$ cat structure_10.pdb   # PDB, C-alpha atoms
MODEL        1
ATOM      1  CA  MET A1261     -37.077  19.868 -45.990
ATOM      2  CA  ASP A1262     -35.720  17.660 -43.250
ATOM      3  CA  LYS A1263     -37.979  17.176 -40.321
ATOM      4  CA  VAL A1264     -36.310  17.483 -36.937
ATOM      5  CA  VAL A1265     -38.165  15.569 -34.288
ATOM      6  CA  LYS A1266     -38.560  17.438 -31.027
ATOM      7  CA  GLY A1267     -38.757  15.702 -27.713
ATOM      8  CA  PRO A1268     -36.782  14.590 -24.695
ATOM      9  CA  GLY A1269     -34.695  12.141 -26.701
ATOM     10  CA  ASN A1270     -33.496  14.590 -29.287
ATOM     11  CA  ALA A1271     -32.086  18.057 -28.961
ATOM     12  CA  GLY A1272     -31.329  19.745 -32.223
ATOM     13  CA  GLY A1273     -30.760  16.450 -33.974
ATOM     14  CA  VAL A1274     -28.395  15.124 -31.247
ATOM     15  CA  ASP A1275     -29.440  11.828 -29.696
ATOM     16  CA  VAL A1276     -29.306  12.668 -25.996
ATOM     17  CA  HIS A1277     -30.026   9.105 -24.864
ATOM     18  CA  THR A1278     -27.005   7.752 -26.709
ATOM     19  CA  THR A1279     -24.853  10.530 -25.297
ATOM     20  CA  PHE A1280     -25.912   9.755 -21.721
ATOM     21  CA  GLU A1281     -25.415   6.030 -22.300
ATOM     22  CA  ASP A1282     -21.877   6.776 -23.472
ATOM     23  CA  ILE A1283     -21.292   8.912 -20.398
ATOM     24  CA  ASN A1284     -22.604   6.188 -18.082
ATOM     25  CA  ALA A1285     -20.450   3.568 -19.799
ATOM     26  CA  THR A1286     -17.428   5.799 -19.320
ATOM     27  CA  LEU A1287     -18.331   6.295 -15.663
ATOM     28  CA  VAL A1288     -18.632   2.539 -15.102
ATOM     29  CA  ALA A1289     -15.261   2.008 -16.770
ATOM     30  CA  PHE A1290     -13.837   4.720 -14.520
ATOM     31  CA  ILE A1291     -15.142   3.050 -11.349
ATOM     32  CA  GLU A1292     -13.695  -0.284 -12.508
ATOM     33  CA  THR A1293     -10.225   1.245 -12.601
ATOM     34  CA  ALA A1294     -10.182   0.924  -8.785
ATOM     35  CA  SER A1295      -9.139  -2.694  -9.052
ATOM     36  CA  VAL A1296      -6.201  -4.851  -8.022
ATOM     37  CA  ASP A1297      -5.834  -5.918 -11.666
ATOM     38  CA  ARG A1298      -4.805  -2.363 -12.558
ATOM     39  CA  VAL A1299      -1.959  -2.462 -10.029
ATOM     40  CA  TYR A1300      -0.410  -5.880 -10.612
ATOM     41  CA  GLY A1301       0.472  -7.002 -14.096
ATOM     42  CA  THR A1302       0.359 -10.457 -15.629
ATOM     43  CA  PRO A1303       3.075 -12.683 -14.117
ATOM     44  CA  ILE A1304       6.063 -13.283 -16.361
ATOM     45  CA  GLU A1305       7.459 -16.804 -16.169
ATOM     46  CA  VAL A1306      11.206 -17.316 -16.358
ATOM     47  CA  GLY A1307      11.851 -20.986 -15.716
ATOM     48  CA  GLU A1308      10.418 -21.782 -12.300
ATOM     49  CA  THR A1309      10.440 -18.122 -11.292
ATOM     50  CA  LYS A1310       7.481 -15.805 -11.717
ATOM     51  CA  ILE A1311       7.922 -12.044 -11.885
ATOM     52  CA  ILE A1312       4.914  -9.835 -11.071
ATOM     53  CA  PRO A1313       5.200  -6.142 -11.985
ATOM     54  CA  ALA A1314       3.470  -3.681  -9.651
ATOM     55  CA  ALA A1315       2.591  -0.111 -10.562
ATOM     56  CA  GLU A1316       0.836   2.843  -9.038
ATOM     57  CA  ASN A1317      -1.756   4.532 -11.194
ATOM     58  CA  LEU A1318      -3.831   7.636 -10.930
ATOM     59  CA  VAL A1319      -6.935   8.229 -13.032
ATOM     60  CA  VAL A1320      -8.603  11.639 -13.130
ATOM     61  CA  MET A1321     -11.804  12.116 -15.060
ATOM     62  CA  GLY A1322     -14.663  14.556 -15.165
ATOM     63  CA  PHE A1323     -17.438  15.381 -17.508
ATOM     64  CA  GLY A1324     -20.811  17.016 -17.696
ATOM     65  CA  ALA A1325     -23.636  17.410 -20.139
ATOM     66  CA  GLY A1326     -26.774  19.408 -20.461
ATOM     67  CA  ALA A1327     -29.667  19.907 -22.793
ATOM     68  CA  GLY A1328     -32.471  22.389 -23.204
ATOM     69  CA  TYR A1329     -35.615  22.357 -25.220
ATOM     70  CA  GLY A1330     -37.818  25.010 -26.619
ATOM     71  CA  SER A1331     -41.492  25.224 -27.219
ATOM     72  CA  THR A1332     -43.660  25.609 -30.280
ATOM     73  CA  GLU A1333     -46.210  28.347 -30.306
ATOM     74  CA  PHE A1334     -48.769  29.060 -32.963
ATOM     75  CA  GLU A1335     -49.691  32.540 -33.931
ATOM     76  CA  GLY A1336     -52.730  33.745 -35.639
ATOM     77  CA  ASP A1337     -55.950  31.858 -36.020
ATOM     78  CA  GLU A1338     -56.481  28.223 -35.198
ATOM     79  CA  GLY A1339     -56.217  27.362 -38.845
ATOM     80  CA  ALA A1340     -52.479  27.957 -38.729
ATOM     81  CA  GLN A1341     -52.062  24.986 -36.418
ATOM     82  CA  SER A1342     -53.732  22.639 -38.873
ATOM     83  CA  THR A1343     -51.551  23.831 -41.738
ATOM     84  CA  GLY A1344     -48.343  23.498 -39.702
ATOM     85  CA  GLU A1345     -47.550  27.173 -39.684
ATOM     86  CA  GLY A1346     -46.200  28.709 -36.530
ATOM     87  CA  VAL A1347     -43.220  29.966 -34.613
ATOM     88  CA  GLY A1348     -40.938  27.458 -32.954
ATOM     89  CA  GLU A1349     -38.180  27.918 -30.453
ATOM     90  CA  GLY A1350     -35.416  25.430 -30.685
ATOM     91  CA  GLY A1351     -33.350  23.633 -28.132
ATOM     92  CA  GLY A1352     -29.865  22.379 -27.855
ATOM     93  CA  GLY A1353     -27.534  20.322 -25.851
ATOM     94  CA  GLY A1354     -23.913  20.016 -25.184
ATOM     95  CA  GLY A1355     -21.347  18.383 -23.005
ATOM     96  CA  GLY A1356     -17.706  17.960 -22.451
ATOM     97  CA  GLY A1357     -15.235  16.073 -20.454
ATOM     98  CA  GLY A1358     -11.675  15.070 -20.061
ATOM     99  CA  GLY A1359      -9.397  12.820 -18.166
ATOM    100  CA  ARG A1360      -5.903  11.664 -17.631
ATOM    101  CA  THR A1361      -4.148   8.506 -16.512
ATOM    102  CA  LEU A1362      -0.752   8.513 -14.836
ATOM    103  CA  SER A1363       1.094   5.306 -14.143
ATOM    104  CA  ARG A1364       4.462   4.581 -12.561
ATOM    105  CA  PRO A1365       6.230   1.298 -11.781
ATOM    106  CA  VAL A1366       6.721   0.772  -8.059
ATOM    107  CA  ALA A1367       8.201  -2.671  -7.585
ATOM    108  CA  VAL A1368       8.589  -6.145  -8.998
ATOM    109  CA  ILE A1369       7.707  -9.240  -7.003
ATOM    110  CA  ILE A1370       9.996 -12.159  -7.669
ATOM    111  CA  ALA A1371       8.492 -15.471  -6.642
ATOM    112  CA  SER A1372      10.683 -18.534  -6.963
ATOM    113  CA  PRO A1373      10.768 -21.913  -5.227
ATOM    114  CA  ASP A1374      13.499 -20.435  -2.972
ATOM    115  CA  GLY A1375      11.176 -17.712  -1.689
ATOM    116  CA  VAL A1376       9.368 -14.496  -2.488
ATOM    117  CA  ARG A1377      11.034 -11.100  -2.465
ATOM    118  CA  VAL A1378       9.977  -7.590  -3.437
ATOM    119  CA  GLU A1379      12.451  -5.469  -5.380
ATOM    120  CA  PRO A1380      11.600  -1.742  -5.416
ATOM    121  CA  VAL A1381      11.845   0.226  -8.660
ATOM    122  CA  THR A1382      13.357   3.686  -8.192
ATOM    123  CA  ASP A1383      12.514   6.429 -10.675
ATOM    124  CA  ARG A1384      15.789   8.371 -10.715
ATOM    125  CA  THR A1385      14.359  11.251 -12.721
ATOM    126  CA  LYS A1386      11.686  11.969 -10.115
ATOM    127  CA  VAL A1387      14.205  11.680  -7.276
ATOM    128  CA  PHE A1388      16.602  13.989  -9.112
ATOM    129  CA  MET A1389      13.838  16.541  -9.678
ATOM    130  CA  ALA A1390      12.931  16.433  -5.970
ATOM    131  CA  ALA A1391      16.613  16.963  -5.076
ATOM    132  CA  ILE A1392      16.877  19.958  -7.440
ATOM    133  CA  THR A1393      13.703  21.443  -5.951
ATOM    134  CA  ALA A1394      14.998  21.035  -2.391
ATOM    135  CA  VAL A1395      18.442  22.457  -3.170
ATOM    136  CA  GLY A1396      16.948  25.318  -5.186
ATOM    137  CA  PHE A1397      14.602  26.212  -2.355
ATOM    138  CA  MET A1398      17.455  26.217   0.174
ATOM    139  CA  ALA A1399      19.768  28.196  -2.114
ATOM    140  CA  GLY A1400      17.065  30.773  -2.818
ATOM    141  CA  MET A1401      16.352  31.303   0.857
ATOM    142  CA  PHE A1402      20.060  31.446   1.703
ATOM    143  CA  PHE A1403      20.688  34.037  -1.024
ATOM    144  CA  ARG A1404      17.743  36.132   0.106
ATOM    145  CA  MET A1405      18.822  36.090   3.761
ATOM    146  CA  SER A1406      22.482  36.846   2.989
ATOM    147  CA  ARG A1407      21.477  40.077   1.159
ATOM    148  CA  GLY A1408      20.095  41.464   4.354
ATOM    149  CA  PRO A1409      16.964  43.549   4.844
ATOM    150  CA  ARG A1410      15.756  45.582   1.871
ATOM    151  CA  SER A1411      15.675  49.352   2.145
ATOM    152  CA  LEU A1412      12.562  51.138   0.944
TER     153      LEU A1412
ATOM    154  CA  MET B 565     -28.373   6.998  -0.491
ATOM    155  CA  ALA B 566     -25.871   9.819  -0.780
ATOM    156  CA  LYS B 567     -22.709   9.133  -2.722
ATOM    157  CA  ARG B 568     -19.620   9.089  -0.510
ATOM    158  CA  ILE B 569     -16.973  11.579  -1.502
ATOM    159  CA  LEU B 570     -13.941   9.563  -0.379
ATOM    160  CA  VAL B 571     -13.932   5.780  -0.721
ATOM    161  CA  GLN B 572     -11.033   3.566   0.380
ATOM    162  CA  GLU B 573     -10.868  -0.064  -0.684
ATOM    163  CA  THR B 574      -8.348  -2.809  -0.037
ATOM    164  CA  SER B 575      -8.596  -5.829  -2.298
ATOM    165  CA  ALA B 576      -6.612  -8.990  -2.986
ATOM    166  CA  GLY B 577      -6.157 -10.431  -6.438
ATOM    167  CA  GLU B 578      -5.996 -13.959  -7.737
ATOM    168  CA  PRO B 579      -3.107 -15.982  -6.229
ATOM    169  CA  VAL B 580       0.027 -16.676  -8.222
ATOM    170  CA  ILE B 581       1.174 -20.210  -7.451
ATOM    171  CA  VAL B 582       4.874 -20.998  -7.470
ATOM    172  CA  GLY B 583       5.662 -24.530  -6.317
ATOM    173  CA  GLU B 584       3.939 -25.000  -2.973
ATOM    174  CA  VAL B 585       3.659 -21.276  -2.329
ATOM    175  CA  SER B 586       0.702 -19.036  -3.173
ATOM    176  CA  VAL B 587       1.310 -15.312  -3.579
ATOM    177  CA  TYR B 588      -1.711 -13.042  -3.096
ATOM    178  CA  PRO B 589      -1.215  -9.484  -4.384
ATOM    179  CA  VAL B 590      -2.988  -6.850  -2.290
ATOM    180  CA  ALA B 591      -3.767  -3.340  -3.534
ATOM    181  CA  ARG B 592      -5.365  -0.302  -1.987
ATOM    182  CA  SER B 593      -7.414   2.206  -3.907
ATOM    183  CA  TYR B 594      -8.687   5.635  -2.969
ATOM    184  CA  ARG B 595     -11.541   7.083  -4.952
ATOM    185  CA  ILE B 596     -12.716  10.680  -4.748
ATOM    186  CA  ASN B 597     -16.136  11.279  -6.269
ATOM    187  CA  PHE B 598     -16.861  14.790  -7.417
ATOM    188  CA  PRO B 599     -19.990  15.802  -5.525
ATOM    189  CA  ALA B 600     -21.408  18.191  -8.108
ATOM    190  CA  ALA B 601     -20.397  16.456 -11.323
ATOM    191  CA  ARG B 602     -19.788  13.086 -12.890
ATOM    192  CA  GLY B 603     -16.291  11.716 -12.581
ATOM    193  CA  GLY B 604     -13.626  11.788  -9.957
ATOM    194  CA  ILE B 605     -10.146  10.620  -9.067
ATOM    195  CA  VAL B 606      -8.981   7.037  -8.556
ATOM    196  CA  TRP B 607      -5.564   6.338  -7.028
ATOM    197  CA  ASN B 608      -4.444   2.717  -6.988
ATOM    198  CA  ARG B 609      -1.267   1.549  -5.346
ATOM    199  CA  PRO B 610       0.258  -1.789  -4.400
ATOM    200  CA  LEU B 611       0.126  -2.458  -0.669
ATOM    201  CA  ALA B 612       1.655  -5.869   0.060
ATOM    202  CA  VAL B 613       1.878  -9.469  -0.989
ATOM    203  CA  ILE B 614       0.668 -12.283   1.224
ATOM    204  CA  VAL B 615       2.721 -15.450   0.904
ATOM    205  CA  ALA B 616       0.929 -18.610   2.007
ATOM    206  CA  ASP B 617       2.585 -22.017   1.941
ATOM    207  CA  SER B 618       1.160 -25.516   2.133
ATOM    208  CA  SER B 619       1.791 -25.760   5.891
ATOM    209  CA  GLY B 620      -0.721 -22.948   6.462
ATOM    210  CA  SER B 621       1.722 -20.249   7.528
ATOM    211  CA  ARG B 622       1.265 -16.765   6.085
ATOM    212  CA  GLN B 623       3.767 -13.997   5.633
ATOM    213  CA  ILE B 624       2.967 -10.412   4.691
ATOM    214  CA  ILE B 625       5.638  -8.638   2.659
ATOM    215  CA  PRO B 626       4.927  -4.890   2.240
ATOM    216  CA  VAL B 627       5.522  -3.277  -1.158
ATOM    217  CA  GLN B 628       7.454  -0.109  -0.455
ATOM    218  CA  ASP B 629       7.426   2.809  -2.856
ATOM    219  CA  ARG B 630      11.108   3.763  -2.814
ATOM    220  CA  THR B 631      10.673   6.682  -5.214
ATOM    221  CA  ARG B 632       7.943   8.270  -3.069
ATOM    222  CA  GLN B 633       9.991   7.743   0.117
ATOM    223  CA  LEU B 634      13.032   9.427  -1.431
ATOM    224  CA  GLN B 635      10.945  12.316  -2.787
ATOM    225  CA  ILE B 636       9.390  12.997   0.622
ATOM    226  CA  ALA B 637      12.759  12.672   2.376
ATOM    227  CA  LEU B 638      14.443  15.135  -0.004
ATOM    228  CA  LEU B 639      11.637  17.696   0.148
ATOM    229  CA  ALA B 640      11.499  17.423   3.952
ATOM    230  CA  ALA B 641      15.278  17.865   4.116
ATOM    231  CA  GLY B 642      14.979  20.969   1.936
ATOM    232  CA  PHE B 643      12.235  22.421   4.095
ATOM    233  CA  PHE B 644      13.942  21.758   7.425
ATOM    234  CA  GLY B 645      17.341  22.799   6.034
ATOM    235  CA  THR B 646      15.857  26.135   5.013
ATOM    236  CA  LEU B 647      14.182  26.524   8.394
ATOM    237  CA  LEU B 648      17.451  25.784  10.189
ATOM    238  CA  THR B 649      19.343  28.265   8.021
ATOM    239  CA  TRP B 650      16.741  30.925   8.735
ATOM    240  CA  LEU B 651      16.986  30.291  12.483
ATOM    241  CA  ILE B 652      20.806  30.504  12.408
ATOM    242  CA  PHE B 653      20.704  33.811  10.478
ATOM    243  CA  ARG B 654      18.106  35.178  12.853
ATOM    244  CA  ARG B 655      20.178  34.353  15.944
ATOM    245  CA  SER B 656      23.403  35.757  14.464
ATOM    246  CA  LYS B 657      21.857  39.240  13.992
TER     247      LYS B 657
ENDMDL
END

$ encode --input "structure_10.pdb" --output "structure tokens"
Amino acid sequence: MDKVVKGPGNAGGVDVHTTFEDINATLVAFIETASVDRVYGTPIEVGETKIIPAAENLVVMGFGAGAGYGSTEFEGDEGAQSTGEGVGEGGGGGGGGGGRTLSRPVAVIIASPDGVRVEPVTDRTKVFMAAITAVGFMAGMFFRMSRGPRSL
Amino acid sequence: MAKRILVQETSAGEPVIVGEVSVYPVARSYRINFPAARGGIVWNRPLAVIVADSSGSRQIIPVQDRTRQLQIALLAAGFFGTLLTWLIFRRSK
């Protein structure tokens, strides 16, 4: 029979320490996303000109974990303890998390010996969706007002 | 020390050298830490580029988010257009 070691470092055979180390490593990686390196890409050289891509990014992450432990109680006479007989209550642990990264190009910086200029990148799909939303909102309100007051 | 819920940071990256000009990319990040749990939200966006030449002069060129500007302009136009239409209908009754 497999022996399951009880204690603060193990809950039902799950190594809690490793789990928390993984969580901390993920948290550190999450904090490091707030960096200028995540916004500006590696410059691309085209002759004497260097092109630097710039993007906006949004990182959302959350997680949690918990563990509980039981106790071992011995019933009967004291001799049961020496023979390893008794009633044990188990423990368990669990956790979960999730995250998402959204990124969108904003501009490109063109640096040449003639000068430096910033060229914006326009996402037409997002602009078009905003236009549809605005027009739909106006049309809906206009239609509702032109029908007049509702009778009960 | 208590963890701050909202953290704003502005940082400059390594310069990109083109001829006698150095280009410093500058970014701004906002970080929201969840107070009751591990994790949070990080929003990074480009802010500007600082152009420094060999003579010592510096020029700041802002990085404008054209998509965001257009989105806000269109949604604001929709909101105020609806408000104006509502006011006109109300006065005509």

$ resolve_selection --input "structure_10.pdb" --expression "the ChimeraX specification (/B :<8) & /A" --output "number ranges by chain"
A: 1287, 1290-1291, 1293-1300, 1303, 1308-1310, 1314-1324, 1366-1367, 1371-1373, 1376-1378, 1380-1384, 1386-1387, 1390-1391, 1393-1395, 1397-1398, 1401-1402, 1405

$ closest_residue --input "structure_10.pdb" --among "A:Ala1325, A:Glu1379, A:Ile1311, A:Asp1374" --to "Gly1353 in chain A" --atoms "all atoms listed in the file"
A:Ala1325

$ atom_distance --input "structure_10.pdb" --atom1 "CA of Ala1327 in chain A" --atom2 "CA of Gly1352 in chain A"
5.6 Å

$ atom_distance --input "structure_10.pdb" --atom1 "CA of Ile1369 in chain A" --atom2 "CA of Pro1313 in chain A"
6.4 Å

$ closest_residue --input "structure_10.pdb" --among "A:Ala1399, A:Ile1312, A:Gly1326, A:Glu1281" --to "Gly1355 in chain A" --atoms "only C-alpha atoms"
A:Gly1326

$ atom_distance --input "structure_10.pdb" --atom1 "CA of Thr1278 in chain A" --atom2 "CA of Val571 in chain B"
29.2 Å

$ closest_residue --input "structure_10.pdb" --among "A:Gly1351, A:Gly1301, A:Gly1356, A:Gly1307" --to "Thr1279 in chain A" --atoms "only C-alpha atoms"
A:Gly1356
